[in-house]
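Remarks on the structure that follows.
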Amino acid sequence: MDCDVVVVGCGPAGSAASFFLASRNISTICIDRLPDARFERYHSICGECISVKGSKTAGITPDEIRNRIKEFRLDWPGGRSSRIKIDGLIIDRVKVLQRLRRDAEEKGAHFISSSVVEVKKIPEGFETVLRDGESIQSRYIIGADGAFSIVRKYLFESRPEKILPVEMRVLNSPPELPETIRFTLKDKGGYYGWDFPYGTGRSVGAVRGYLEETEGLHGARYIPIGWPDTFVKDGAVLIGDAAGMVNPVSFGGLRIAFESAKHSAEAIASGDLQRYEKWWRKSPLSDRRYMRLSELFASYDAAQYEFFSRHLGGGFWSGGIVSVLTRPRLAWAYFGCLMAIKNGW
């Protein structure tokens with residue numbers, strides 16, 4: 001079985017890439033290791049939060065929206081809270097993936113449920129070897145296979161700088177603030193917990209070991225942070241989580257998954273893969289302040305957080321301006337926070 005492009009991984013990035021490729025009449029095979037029931041369960045483990053701007057890339061429809069979000073709230077160690085008005089959504093991730101897959105199949109893409117055990121560079125392009133011994137040859141290959149990407153491992157010989165295990169629970173209790181996404185920073189490690197509206201209930205989550213809730217539907221997954229030196233190599237492309245593109249401050253990955261899928265498909269269609277690399281390097285989604293800020297917060301203790309957030313009780317914009325004026329050496333960090341709120345989800 002041969003095709004123009006093999007996409008490894010059928011999550012948000014892989015399903016979107018398959019749709020964008022098939023829409024351009026590029027023969028595409030998308031492979032995922034999880035059968036339907038496990039696939040739906042796995043992709044239900046997510047805060048499912050995305051900005052309205054980010055949702056447009058995937059064409060989110062009204063029936064795929066669980067909640068509309070109007071406010072971002074950040075609770076600092078020590079009791080201060082920062083708030084800022086935003087325009088966001090809580091989506092039904094599984095519905096979005098099902099629709100992207102259905103639309104991609106209608107345009108000619110093929111989806112296979114199997115594990116990829118090896119990918120090889122061959123003179124004609126790439127050979128993708130499946131669990132049953134079958135192999136697929138393609139001119140291009142897209143790695144959209146998450147934190148432990150086999151495409152990244154075999155073809156790019158790298159891994160993310162950090163892989164964070166996160167836990168989530170879905171609770172039936174109504175949210176205290178139904179149009180607010182709420183983050184609570186921990187006083188060490190730079191980690192946070194989230195509390196989001198989830199239909200009529202709530203989703204709560206945190207890095208493993210920090211989740212306080214013990215009831216409700218439980219799930220766990222891994223968040224990769226830290227991208228490689230290049231996303232393109234000899235016709236191989238990394239997108240979304242496989243590329244470690246998750247924002248290292250907000251841990252948001254849905255917008256980046258959809259946008260990287262779109263731009264990688266455009267680059268393949270144009271025959272110029274460097275176009276994709278150039279997009280990412282110039283995008284505000286890849287601002288290096290995010291990683292620097294993540295490392296700064298990871299080093300902070302409660303007293304340092306108290307110092308950093310002293311003027312950030314209340315409005316983030318007004319408090320941020322005061323913080324920049326009174327602590328110019330940390331101006332980059334305050335701007336980094338605002339950029340993460342604007343672009344990191």
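So you can find residues: chains in the structure tokens are A, B, ... in the order shown, residues in each start at 1, and ligands are numbered from 1 in order.
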Residue list (alpha helix (DSSP H), DSSP) for stretch 67-230 of chain A, as an MDAnalysis selection string
chainID A and resid 93:106 150:151
With C-alpha atoms retained, write the just-selected residues as a short mmCIF file (atom, residue, chain, number, x, y, z; two decimals), in the first residue's frame.
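The resulting file, again04.cif, is reproduced below:
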```cif
data_model
loop_
_atom_site.label_atom_id
_atom_site.label_comp_id
_atom_site.auth_asym_id
_atom_site.auth_seq_id
_atom_site.Cartn_x
_atom_site.Cartn_y
_atom_site.Cartn_z
CA ARG A 93 -12.66 16.99 21.60
CA VAL A 94 -13.96 13.56 20.58
CA LYS A 95 -16.73 15.09 18.45
CA VAL A 96 -14.21 17.35 16.73
CA LEU A 97 -11.93 14.40 15.94
CA GLN A 98 -14.81 12.30 14.64
CA ARG A 99 -15.92 15.12 12.34
CA LEU A 100 -12.39 15.78 11.05
CA ARG A 101 -11.92 12.07 10.34
CA ARG A 102 -15.31 11.77 8.62
CA ASP A 103 -14.62 14.79 6.43
CA ALA A 104 -11.10 13.55 5.62
CA GLU A 105 -12.45 10.12 4.61
CA GLU A 106 -15.06 11.74 2.36
CA ILE A 150 8.11 7.02 17.11
CA VAL A 151 8.63 9.34 14.10
#
```
DSSP on the backbone, strand (DSSP E or B) only: what residues of stretch 8-37 of chain A does that give? Format it as a VMD selection string.
chain A and resid 8 28 to 32
Could you save those same residues with N, CA, C and O atoms as a short mmCIF file (atom, residue, chain, number, x, y, z; two decimals), in the first residue's frame?
```cif
data_model
loop_
_atom_site.label_atom_id
_atom_site.label_comp_id
_atom_site.auth_asym_id
_atom_site.auth_seq_id
_atom_site.Cartn_x
_atom_site.Cartn_y
_atom_site.Cartn_z
N VAL A 8 1.23 9.59 11.17
CA VAL A 8 1.25 8.68 12.32
C VAL A 8 0.62 9.41 13.51
O VAL A 8 1.16 10.39 14.00
N THR A 28 -3.55 10.22 1.36
CA THR A 28 -3.12 10.24 2.76
C THR A 28 -3.61 9.01 3.49
O THR A 28 -4.77 8.60 3.33
N ILE A 29 -2.73 8.41 4.30
CA ILE A 29 -3.10 7.34 5.21
C ILE A 29 -2.74 7.78 6.62
O ILE A 29 -1.60 8.17 6.88
N CYS A 30 -3.71 7.73 7.52
CA CYS A 30 -3.51 8.12 8.92
C CYS A 30 -3.60 6.88 9.79
O CYS A 30 -4.57 6.12 9.69
N ILE A 31 -2.61 6.67 10.64
CA ILE A 31 -2.50 5.44 11.44
C ILE A 31 -2.54 5.80 12.92
O ILE A 31 -1.83 6.70 13.37
N ASP A 32 -3.36 5.08 13.68
CA ASP A 32 -3.41 5.28 15.11
C ASP A 32 -3.44 3.93 15.81
O ASP A 32 -4.09 2.99 15.34
#
```
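The residue set within 9 Å of A:Trp76, counting only C-alpha atoms and dropping same-chain residues fewer than 6 places from it, reads Ser82, Phe183, Thr184, Leu185, Lys186, Asp187, Tyr305, Glu306, Ser309, Leu312 and Gly313 of chain A.
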Residue selection dump (N, CA, C and O atoms) as an mmCIF file, in the first residue's frame:
```
data_model
loop_
_atom_site.group_PDB
_atom_site.id
_atom_site.type_symbol
_atom_site.label_atom_id
_atom_site.label_comp_id
_atom_site.auth_asym_id
_atom_site.auth_seq_id
_atom_site.Cartn_x
_atom_site.Cartn_y
_atom_site.Cartn_z
ATOM 1 N N SER A 82 -5.382 36.951 39.719
ATOM 2 C CA SER A 82 -5.354 37.843 38.563
ATOM 3 C C SER A 82 -6.465 37.427 37.610
ATOM 4 O O SER A 82 -6.705 36.237 37.416
ATOM 5 N N PHE A 183 -6.924 28.726 36.979
ATOM 6 C CA PHE A 183 -5.652 28.043 37.197
ATOM 7 C C PHE A 183 -5.140 28.388 38.593
ATOM 8 O O PHE A 183 -5.223 29.544 39.012
ATOM 9 N N THR A 184 -4.590 27.397 39.274
ATOM 10 C CA THR A 184 -4.003 27.623 40.593
ATOM 11 C C THR A 184 -2.546 27.198 40.560
ATOM 12 O O THR A 184 -2.245 26.005 40.390
ATOM 13 N N LEU A 185 -1.635 28.157 40.680
ATOM 14 C CA LEU A 185 -0.209 27.857 40.664
ATOM 15 C C LEU A 185 0.220 27.180 41.963
ATOM 16 O O LEU A 185 -0.205 27.579 43.059
ATOM 17 N N LYS A 186 1.047 26.153 41.829
ATOM 18 C CA LYS A 186 1.620 25.503 43.006
ATOM 19 C C LYS A 186 2.858 26.280 43.451
ATOM 20 O O LYS A 186 3.497 26.973 42.657
ATOM 21 N N ASP A 187 3.219 26.153 44.720
ATOM 22 C CA ASP A 187 4.308 26.988 45.240
ATOM 23 C C ASP A 187 5.692 26.409 44.965
ATOM 24 O O ASP A 187 6.685 26.919 45.454
ATOM 25 N N TYR A 305 7.210 33.813 44.498
ATOM 26 C CA TYR A 305 5.913 34.022 43.868
ATOM 27 C C TYR A 305 5.210 35.230 44.469
ATOM 28 O O TYR A 305 4.569 36.019 43.760
ATOM 29 N N GLU A 306 5.311 35.386 45.781
ATOM 30 C CA GLU A 306 4.685 36.524 46.453
ATOM 31 C C GLU A 306 5.266 37.833 45.927
ATOM 32 O O GLU A 306 4.529 38.787 45.654
ATOM 33 N N SER A 309 4.085 38.417 42.180
ATOM 34 C CA SER A 309 2.653 38.689 41.974
ATOM 35 C C SER A 309 2.129 39.852 42.810
ATOM 36 O O SER A 309 0.921 40.091 42.842
ATOM 37 N N LEU A 312 -0.308 41.996 41.121
ATOM 38 C CA LEU A 312 -1.163 41.297 40.167
ATOM 39 C C LEU A 312 -2.490 40.839 40.759
ATOM 40 O O LEU A 312 -3.186 40.023 40.162
ATOM 41 N N GLY A 313 -2.857 41.335 41.918
ATOM 42 C CA GLY A 313 -4.175 41.062 42.452
ATOM 43 C C GLY A 313 -5.198 41.908 41.725
ATOM 44 O O GLY A 313 -5.080 43.132 41.673
#
```
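Each of A:Ser318, A:Ser15, A:Ser250, A:Ser260 was compared to A:Ile181 using only C-alpha atoms, and A:Ser250 turns out to be the nearest.
Shortest atom-to-atom contact with A:Phe72 among A:Ala58, A:Leu338, A:Ile112, A:Val166: A:Leu338, counting only C-alpha atoms.
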Non-local contacts of stretch 268-283 of chain A (9 Å; only C-alpha atoms; under 2 positions in same chain excluded) as a tab-separated table (two decimals) with C-alpha atoms, in the first residue's frame:
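And here's result-v2.tsv as it stands now:
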```
chain	number	residue	atom	x	y	z
A	5	VAL	CA	1.71	11.07	2.93
A	21	LEU	CA	-4.08	17.07	3.01
A	24	ARG	CA	-5.80	19.23	-1.46
A	26	ILE	CA	-3.04	14.50	-1.60
A	140	TYR	CA	6.31	12.21	3.06
A	230	THR	CA	14.19	21.28	13.35
A	231	PHE	CA	10.68	20.08	12.51
A	232	VAL	CA	11.55	19.02	8.97
A	233	LYS	CA	14.03	16.39	7.87
A	235	GLY	CA	10.46	14.82	3.89
A	236	ALA	CA	9.57	14.00	7.51
A	237	VAL	CA	7.57	16.56	9.49
A	260	SER	CA	0.67	23.07	12.83
A	263	HIS	CA	0.67	24.76	7.90
A	264	SER	CA	2.38	21.39	7.43
A	265	ALA	CA	-0.26	20.40	4.86
A	266	GLU	CA	0.22	23.69	3.03
A	285	LEU	CA	3.12	30.55	19.33
A	286	SER	CA	6.84	29.79	19.44
A	287	ASP	CA	8.05	32.79	21.48
```
